[in-house]
Amino acid sequence: MARGARVTGAYLCCLLVVFAAIRSCSSSYEVQAMKDDIMRYCRFYLEKNMGDQFPPEKSVCCDHVKSANVASICQEFTAQDLAKIKLSKWVAVAKVCDNPLAVGFNCAGYIVPAA
């Protein structure tokens, strides 16, 4: 009886580890998909060589930013992304779209300044 309980416990433990790994992968995939959408719909507001305009609050860009985990997206920026965008613009867009990053937060090497 005790051996059967240990086997069942070990089996449940393995299932929990597998479930956590799957959840982590799907969560990372979701953040990556959000980042890709933001890079697409907000590119005119983020790119280094574009003007310093902000997206209208009722825009497709802001719709994506409002529903995104902006802090997690900071961790998903690749070197290729960073070559195209200005992180200060990303912080400003997040703020304008009513989903600001916290002051002092390190977003891919850019520290969010106080107002």
# chains A, B, ... in the order shown; residues from 1 in each chain; ligands from 1
$ residues_around --residues "Ala102 in chain A" --least-positions-apart "6" --cutoff "9 Å" --atoms "only C-alpha atoms" --output "PyMOL selection string"
chain A and resi 71+112-114
$ write_last_selection --atoms "C-alpha atoms" --output "CSV table (one decimal), in the first residue's frame"
chain,number,residue,atom,x,y,z
A,71,ALA,CA,6.7,44.7,-18.5
A,112,VAL,CA,11.9,54.2,-16.8
A,113,PRO,CA,12.3,57.8,-15.6
A,114,ALA,CA,10.0,59.7,-13.3
$ residues_around --residues "Asp52 in chain A" --least-positions-apart "4" --cutoff "12 Å" --atoms "only C-alpha atoms" --output "list in words"
Arg43, Phe44, Tyr45, Leu46, Glu47, Lys48, Ile85, Lys86, Ser88, Lys89, Trp90, Ala92 and Val93 of chain A
$ write_last_selection --atoms "all heavy atoms" --output "compact mmCIF listing (two decimals), in the first residue's frame"
# COMPACT_ATOMS: atom_id res chain seq x y z
N ARG A 43 4.48 50.47 -34.89
CA ARG A 43 5.82 50.72 -35.45
C ARG A 43 6.08 52.19 -35.74
O ARG A 43 7.18 52.67 -35.57
CB ARG A 43 6.08 49.84 -36.66
CG ARG A 43 5.27 50.19 -37.89
CD ARG A 43 5.55 49.21 -39.04
NE ARG A 43 4.68 49.47 -40.16
CZ ARG A 43 3.46 48.96 -40.30
NH1 ARG A 43 2.96 48.19 -39.36
NH2 ARG A 43 2.73 49.25 -41.36
N PHE A 44 5.05 52.92 -36.19
CA PHE A 44 5.25 54.33 -36.53
C PHE A 44 5.51 55.20 -35.30
O PHE A 44 6.03 56.30 -35.42
CB PHE A 44 4.04 54.88 -37.29
CG PHE A 44 3.82 54.17 -38.60
CD1 PHE A 44 2.68 53.42 -38.81
CD2 PHE A 44 4.76 54.25 -39.62
CE1 PHE A 44 2.48 52.76 -40.01
CE2 PHE A 44 4.57 53.59 -40.83
CZ PHE A 44 3.43 52.84 -41.02
N TYR A 45 5.16 54.68 -34.14
CA TYR A 45 5.35 55.42 -32.90
C TYR A 45 6.59 54.97 -32.14
O TYR A 45 7.01 55.62 -31.19
CB TYR A 45 4.12 55.27 -32.00
CG TYR A 45 2.84 55.52 -32.74
CD1 TYR A 45 1.97 54.48 -33.06
CD2 TYR A 45 2.50 56.80 -33.17
CE1 TYR A 45 0.80 54.72 -33.76
CE2 TYR A 45 1.33 57.05 -33.88
CZ TYR A 45 0.49 55.99 -34.17
OH TYR A 45 -0.66 56.23 -34.88
N LEU A 46 7.17 53.83 -32.55
CA LEU A 46 8.29 53.24 -31.82
C LEU A 46 9.62 53.35 -32.54
O LEU A 46 10.67 53.40 -31.90
CB LEU A 46 8.03 51.75 -31.55
CG LEU A 46 6.81 51.41 -30.70
CD1 LEU A 46 6.65 49.89 -30.62
CD2 LEU A 46 6.91 52.01 -29.33
N GLU A 47 9.59 53.36 -33.86
CA GLU A 47 10.83 53.28 -34.62
C GLU A 47 11.70 54.53 -34.44
O GLU A 47 11.19 55.64 -34.31
CB GLU A 47 10.55 53.03 -36.10
CG GLU A 47 10.06 51.62 -36.34
CD GLU A 47 9.95 51.25 -37.80
OE1 GLU A 47 10.32 52.05 -38.68
OE2 GLU A 47 9.48 50.13 -38.05
N LYS A 48 12.99 54.31 -34.44
CA LYS A 48 13.97 55.38 -34.20
C LYS A 48 13.86 56.51 -35.22
O LYS A 48 13.99 57.67 -34.87
CB LYS A 48 15.39 54.81 -34.23
CG LYS A 48 15.72 53.97 -33.04
CD LYS A 48 17.12 53.42 -33.14
CE LYS A 48 17.43 52.60 -31.90
NZ LYS A 48 18.76 52.01 -31.94
N ILE A 85 13.87 50.20 -32.75
CA ILE A 85 13.01 51.05 -31.92
C ILE A 85 13.80 51.82 -30.88
O ILE A 85 14.94 51.48 -30.57
CB ILE A 85 11.91 50.22 -31.22
CG1 ILE A 85 12.50 49.30 -30.15
CG2 ILE A 85 11.06 49.47 -32.22
CD1 ILE A 85 11.47 48.68 -29.23
N LYS A 86 13.16 52.84 -30.34
CA LYS A 86 13.69 53.60 -29.22
C LYS A 86 12.89 53.20 -27.98
O LYS A 86 11.66 53.31 -27.97
CB LYS A 86 13.48 55.10 -29.47
CG LYS A 86 14.71 55.88 -29.71
CD LYS A 86 14.39 57.32 -29.97
CE LYS A 86 15.25 58.19 -29.11
NZ LYS A 86 15.08 59.61 -29.46
N SER A 88 12.65 54.61 -25.16
CA SER A 88 11.95 55.75 -24.56
C SER A 88 10.59 55.96 -25.24
O SER A 88 9.62 56.35 -24.59
CB SER A 88 12.80 57.02 -24.64
OG SER A 88 13.09 57.34 -25.99
N LYS A 89 10.53 55.67 -26.53
CA LYS A 89 9.25 55.78 -27.24
C LYS A 89 8.29 54.68 -26.79
O LYS A 89 7.09 54.92 -26.65
CB LYS A 89 9.47 55.71 -28.75
CG LYS A 89 10.09 56.96 -29.34
CD LYS A 89 10.17 56.84 -30.85
CE LYS A 89 10.67 58.10 -31.49
NZ LYS A 89 10.62 58.02 -32.96
N TRP A 90 8.82 53.47 -26.56
CA TRP A 90 7.98 52.37 -26.07
C TRP A 90 7.37 52.74 -24.72
O TRP A 90 6.18 52.56 -24.48
CB TRP A 90 8.78 51.08 -25.99
CG TRP A 90 8.15 50.00 -25.16
CD1 TRP A 90 8.70 49.40 -24.08
CD2 TRP A 90 6.85 49.40 -25.33
NE1 TRP A 90 7.82 48.47 -23.57
CE2 TRP A 90 6.69 48.45 -24.32
CE3 TRP A 90 5.82 49.60 -26.23
CZ2 TRP A 90 5.54 47.69 -24.18
CZ3 TRP A 90 4.66 48.83 -26.10
CH2 TRP A 90 4.53 47.89 -25.09
N ALA A 92 6.86 55.75 -23.56
CA ALA A 92 5.89 56.83 -23.78
C ALA A 92 4.59 56.30 -24.38
O ALA A 92 3.50 56.70 -23.95
CB ALA A 92 6.48 57.89 -24.70
N VAL A 93 4.68 55.38 -25.32
CA VAL A 93 3.48 54.79 -25.93
C VAL A 93 2.69 54.03 -24.87
O VAL A 93 1.46 54.15 -24.80
CB VAL A 93 3.85 53.89 -27.13
CG1 VAL A 93 2.67 53.02 -27.55
CG2 VAL A 93 4.31 54.75 -28.31
$ atom_distance --atom1 "CA of Tyr110 in chain A" --atom2 "CA of Val31 in chain A"
19.2 Å
$ residues_around --residues "Gln32 in chain A" --least-positions-apart "5" --cutoff "9 Å" --atoms "only C-alpha atoms" --output "PyMOL selection string"
chain A and resi 27+37+73+76-77
$ atom_distance --atom1 "CA of Ala108 in chain A" --atom2 "CA of Ala68 in chain A"
16.4 Å
$ closest_residue --among "A:Ser59, A:Gln53, A:Asn69, A:Gln80" --to "Ser28 in chain A" --atoms "only C-alpha atoms"
A:Asn69
$ closest_residue --among "A:Pro56, A:Gly109, A:Gly51, A:Pro100" --to "Val70 in chain A" --atoms "only C-alpha atoms"
A:Pro100
$ atom_distance --atom1 "CA of Val91 in chain A" --atom2 "CA of Ile111 in chain A"
9.6 Å
$ closest_residue --among "A:Met50, A:Cys107, A:Ala33, A:Ala94" --to "Lys66 in chain A" --atoms "only C-alpha atoms"
A:Ala94
$ closest_residue --among "A:Met39, A:Tyr29, A:Met34, A:Ala115" --to "Asp81 in chain A" --atoms "only C-alpha atoms"
A:Met39
$ select_by_dssp --residues "range 6-115 of chain A" --states "strand (DSSP E)" --output "ChimeraX atom specification"
/A:106-107,110-111
